[in-house]
Amino acid sequence: MRDLSTAQKQMVEVARALAFNAKIIIMDEPTSSLTETETRILLNLIRELKNKGVGIVYVSHRMEEIVEIADTVVVLRDGELVGVLEEGQIERNRIINLMVGREVNEIFAKRDPVAGDVVLRVENLSSGFVKDVSFELRSGEVLGFSGLVGAGRSEIMRALFGLDKKDAGRIYIDGKEVSINSAEDAVRHRIGFLPEDRKEQGLILGLDIVKNTSLAHLKALRKGLFIQQSTERSLALSFIGSLDIRTPSETQVVKNLSGGNQQKVVIAKWMSTNPKILILDEPTRGIDVGAKKEIYDLINRLSREGVAIILISSELTEVIGISDRIIVMHEGAVKGEIMADEATQEKIMHMAFLKNGRTNENQPVRA
Amino acid sequence: MKTSQFALDSRVRKVTSSIPFSIFVVLVVMCVALSIVNPTFITVNNLQSVTRAFSYIAIMAIGELLVILTGGIDLSIGSMVGLGGLLSAYLIVNAELPVLVAVLAAILACTAFGVINGFLITRVNLPPFIATLGIMSIARSVCYIITKGYPILRLPKSFLYIGQGYVGPIPFPVILMVVVGVGASVSLRKTVTGRRIFALGGNEEATRFSGINTNRIKMLVYILSATLAGFAGVILTSRMGSAQSSVGISYELDGIAAVIIGGTSMSGGEGSVIGTIIGAAIMGIIKNALVLLQVDPYWQQLIIGLVIILAVSIDQIRKMNTRVTLEKAKIT
């Protein structure tokens with residue numbers, strides 16, 4: 001099995017489903033790792049199955065495949081059913097409009113952009129399936145990265161932060177080219193990274209607030225051989241105060257904090273390093289509305305203080321609400337850039353699903 | 001006033017609810033019971049021999065502790081005990097090197113094996129279990145190759161002092177254990193590296209995401225583990241007065257047992273030096289008790305096995321209880 005290509009493995013999966021005499025086959029992003037030709041083969045197979053009376057649930061974020069293959073389209077957003085399109089109604093625009101939905105509400109403070117000099121320039125960065133990404137970031141700017149899950153946003157940031165290997169590309173900080181080959185290098189260049197999974201990547205759940213807060217900053221807290229534990233403690237206490245981390249004490253193990261408060265501890269960890277560039281990957285995922293608002297306010301505060309911020313978010317309202325400028329990605333490539341005050345959810349979605357820069361929606365399917 | 005009292009109270013509670021404290025109680029109870037059943041136990045002579053017997057196990061176990069704290073395991077320490085002792089004896093007797101030079105060279109040889117362990121784990125990406133299992137076998141074979149199986153005898157007095165000497169009434173190895181123990185404990189709790197060892201064991205990925213070079217820390221703990229085991233081997237060989245190529249076989253299990261009885265989590269991130277020393281002491285006292293109570297020595301392993309299972313079971317049950325209390329606290 002292991003010598004088969006992904007496409008072949010998927011064929012085996014389909015064959016297995018057929019062997020069971022399956023009446024319904026669910027395919028979850030079946031083409032995400034397939035090439036164009038392999039996708040063709042799969043889609044033809046689906047048509048054959050359909051003719052034999054097999055029902056197929058096809059989950060995908062590839063608009064063109066859905067438009068091509070689906071008889072009925074069900075659109076979900078934030079775990080809710082937002083619309084069903086029947087044959088004849090299935091058009092890109094309709095699907096996108098349903099995906100968008102929610103209006104921007106007033107929990108985002110008004111931003112007056114205070115962008116200064118370019119602090120970070122990324123040129124032609126490639127890593128894994130992310131290809132040829134370039135962008136600039138100014139001090140005090142909030143640069144949003146929008147796109148669907150799996151668009152490659154986190155991957156760029158991992159490569160930028162030295163966690164993944166870069167296949168190509170240059171990084172400039174304050175106009176000077178730097179080489180970042182490890183997270184250690186990144187932190188030395190005063191980059192902070194709040195990762196998307198705070199429990200797996202952001203926190204040491206079994207350690208307390210003090211030790212999590214100081215983790216990226218330990219060397220600076222050292223005097224002689226030892227960590228100055230009184231300074232370390234007051235550092236944590238000051239963040240508990242300024243970020244309003246709700247906890248019975250600074251020695252509380254972070255496992256026992258709520259999601260929002262855990263996220264604030266991760267932010268405190270990076271704020272204590274006094275970062276110049278702060279990458280926030282889905283900073284409000286899984287936290288309640290109140291804590292979200294606090295994090296938005298905090299982002300504003302940091303950017304006013306001159307921190308350059310990269311914000312990755314899958315919530316369109318959020319990206320539009322707090323960014324100054326938005327870069328739209330899809331399938332590992334940058335699809336466009338838009339100023340936040342001109343951005344609407346529809347524009348961003350259309351940009352994401354543009355095929356090679358063409359806007360024509362009813363382009364013929366390549367056979 | 002009220003708050004400071006509360007802080008004091010919570011600190012006392014924190015100490016008394018800690019794992020080292022509860023196994024310390026076990027240790028004290030064992031000692032008291034043993035003294036009552038057989039007063040020979042608290043004679044100076046017996047205490048000297050008991051403490052000396054577990055001191056080098058404790059030194060070796062402290063090295064293993066560092067590795068286990070990062071979430072790894074070092075199976076090669078038994079072979080390092082053999083190699084450290086044997087090589088120092090060989091260099092003194094056969095190569096006629098000065099004692100200090102020979103001992104340092106032997107320990108350095110073990111350090112080199114630690115480097116190999118670290119290299120295999122961080123660069124070749126071998127699981128620690130496999131890498132150190134291989135090195136365990138290789139280093140043991142080196143012991144046999146050096147001596148061709150014959151014991152090395154006629155070790156000089158100055159070498160024998162390491163394992164047999166006294167400072168006042170205290171056996172010299174016990175002094176060495178205290179020095180290593182205090183050094184390790186302070187380093188773990190107060191230095192940047194110590195903090196990173198705990199962080200790495202708690203969550204490797206989050207540690208890496210915090211800009212910490214996790215490979216460097218792994219390298220370091222395997223080096224320290226091999227070095228401390230080599231040092232323990234020197235003490236053991238000196239105490240026995242001769243070097244055998246089979247010395248230290250299965251000692252890795254004693255080291256791991258001491259760490260576990262001492263309340264250290266096998267998944268890393270949690271544990272203490274003091275717990276490990278107490279763990280080694282408990283095992284040493286059990287062995288002593290069986291002798292004093294004239295129990296058939298074939299029962300020794302059985303009792304130690306039971307203690308390991310019991311210690312970890314109590315720990316697990318307590319963890320489940322705290323989890324329940326925490327959840328209750330969250331609800332209210």
# chains A, B, ... in the order shown; residues from 1 in each chain; ligands from 1
call {"tool": "interface_residues", "arguments": {"of": "chain B", "to": "chain A", "cutoff": "10 Å", "atoms": "only C-alpha atoms", "output": "VMD selection string"}}
result
chain B and resid 186 to 187 189 to 196 198 to 214 269 to 270 326 to 327 330
call {"tool": "write_last_selection", "arguments": {"atoms": "N, CA and C atoms", "output": "short mmCIF file (atom, residue, chain, number, x, y, z; two decimals), in the first residue's frame"}}
result
data_model
loop_
_atom_site.label_atom_id
_atom_site.label_comp_id
_atom_site.auth_asym_id
_atom_site.auth_seq_id
_atom_site.Cartn_x
_atom_site.Cartn_y
_atom_site.Cartn_z
N VAL B 186 19.66 22.43 42.04
CA VAL B 186 19.72 23.89 41.86
C VAL B 186 19.69 24.23 40.37
N SER B 187 20.46 23.49 39.57
CA SER B 187 20.48 23.77 38.13
C SER B 187 19.10 23.60 37.51
N ARG B 189 16.19 23.86 38.90
CA ARG B 189 15.17 24.81 39.32
C ARG B 189 15.51 26.26 39.02
N LYS B 190 16.81 26.56 38.93
CA LYS B 190 17.15 27.98 38.87
C LYS B 190 17.84 28.44 37.59
N THR B 191 18.31 27.51 36.78
CA THR B 191 19.01 27.98 35.59
C THR B 191 18.10 27.94 34.36
N VAL B 192 18.52 28.66 33.34
CA VAL B 192 17.77 28.69 32.08
C VAL B 192 17.67 27.28 31.50
N THR B 193 18.80 26.57 31.50
CA THR B 193 18.81 25.22 30.93
C THR B 193 17.86 24.29 31.69
N GLY B 194 17.89 24.40 33.03
CA GLY B 194 17.01 23.55 33.84
C GLY B 194 15.56 23.79 33.48
N ARG B 195 15.21 25.06 33.36
CA ARG B 195 13.84 25.42 33.03
C ARG B 195 13.46 24.87 31.66
N ARG B 196 14.41 24.91 30.75
CA ARG B 196 14.13 24.42 29.40
C ARG B 196 13.96 22.91 29.36
N PHE B 198 12.57 21.11 31.71
CA PHE B 198 11.18 20.87 32.12
C PHE B 198 10.21 21.23 30.99
N ALA B 199 10.48 22.37 30.34
CA ALA B 199 9.59 22.82 29.27
C ALA B 199 9.56 21.79 28.13
N LEU B 200 10.74 21.31 27.77
CA LEU B 200 10.86 20.33 26.68
C LEU B 200 10.05 19.08 26.99
N GLY B 201 10.16 18.60 28.24
CA GLY B 201 9.41 17.41 28.62
C GLY B 201 7.92 17.68 28.69
N GLY B 202 7.55 18.91 29.06
CA GLY B 202 6.13 19.26 29.16
C GLY B 202 5.47 19.34 27.80
N ASN B 203 6.15 19.95 26.84
CA ASN B 203 5.59 20.10 25.50
C ASN B 203 6.70 20.50 24.55
N GLU B 204 7.19 19.51 23.82
CA GLU B 204 8.35 19.75 22.96
C GLU B 204 8.04 20.78 21.88
N GLU B 205 6.86 20.66 21.28
CA GLU B 205 6.55 21.56 20.17
C GLU B 205 6.44 23.01 20.65
N ALA B 206 5.73 23.19 21.77
CA ALA B 206 5.58 24.55 22.28
C ALA B 206 6.94 25.12 22.69
N THR B 207 7.82 24.27 23.15
CA THR B 207 9.16 24.73 23.52
C THR B 207 9.89 25.22 22.27
N ARG B 208 9.77 24.46 21.20
CA ARG B 208 10.40 24.87 19.94
C ARG B 208 9.78 26.16 19.42
N PHE B 209 8.47 26.28 19.54
CA PHE B 209 7.77 27.49 19.11
C PHE B 209 8.17 28.70 19.95
N SER B 210 8.78 28.47 21.11
CA SER B 210 9.22 29.59 21.94
C SER B 210 10.66 29.98 21.62
N GLY B 211 11.18 29.47 20.51
CA GLY B 211 12.52 29.87 20.10
C GLY B 211 13.63 29.16 20.85
N ILE B 212 13.35 27.96 21.34
CA ILE B 212 14.36 27.23 22.09
C ILE B 212 14.86 26.06 21.25
N ASN B 213 16.18 25.91 21.22
CA ASN B 213 16.79 24.83 20.45
C ASN B 213 16.66 23.53 21.24
N THR B 214 15.64 22.76 20.91
CA THR B 214 15.34 21.56 21.72
C THR B 214 16.39 20.47 21.51
N GLY B 269 8.64 16.25 31.96
CA GLY B 269 8.11 17.53 32.42
C GLY B 269 7.84 17.64 33.90
N GLU B 270 7.90 16.52 34.61
CA GLU B 270 7.55 16.53 36.02
C GLU B 270 8.48 15.61 36.78
N LEU B 326 -10.53 19.31 40.84
CA LEU B 326 -10.42 20.47 39.98
C LEU B 326 -11.71 20.70 39.21
N GLU B 327 -12.24 19.58 38.67
CA GLU B 327 -13.46 19.72 37.89
C GLU B 327 -14.61 20.23 38.76
N LYS B 330 -14.24 23.83 39.23
CA LYS B 330 -14.62 24.60 38.05
C LYS B 330 -16.13 24.80 38.00
#
call {"tool": "residues_around", "arguments": {"residues": "Gly149 of chain B", "least_positions_apart": "4", "cutoff": "8 Å", "atoms": "only C-alpha atoms", "output": "VMD selection string"}}
result
chain B and resid 144 to 145 244 to 245
call {"tool": "residues_around", "arguments": {"residues": "segment 66-78 of chain B", "least_positions_apart": "2", "cutoff": "7 Å", "atoms": "only C-alpha atoms", "output": "PyMOL selection string"}}
result
chain B and resi 62-64+80-82+128-129+132-133+135-136+197-198+200-201+221-222+225-226+229+248-252+266-271
call {"tool": "closest_residue", "arguments": {"among": "A:Val74, A:Leu85, A:Met27, A:Ile173", "to": "Val118 of chain A", "atoms": "only C-alpha atoms"}}
result
A:Ile173
call {"tool": "select_by_dssp", "arguments": {"residues": "segment 95-332 of chain B", "states": "helix (DSSP H, G or I)", "output": "number ranges by chain"}}
result
B: 99-122, 128-147, 157-164, 172-190, 192-202, 204-209, 214-240, 251-261, 273-292, 297-331
call {"tool": "residues_around", "arguments": {"residues": "segment 39-48 of chain B", "least_positions_apart": "6", "cutoff": "10 Å", "atoms": "only C-alpha atoms", "output": "JSON, numbers by chain"}}
result
{"B": [31, 32, 33, 166, 169, 170, 171, 174, 285, 288, 289, 292]}
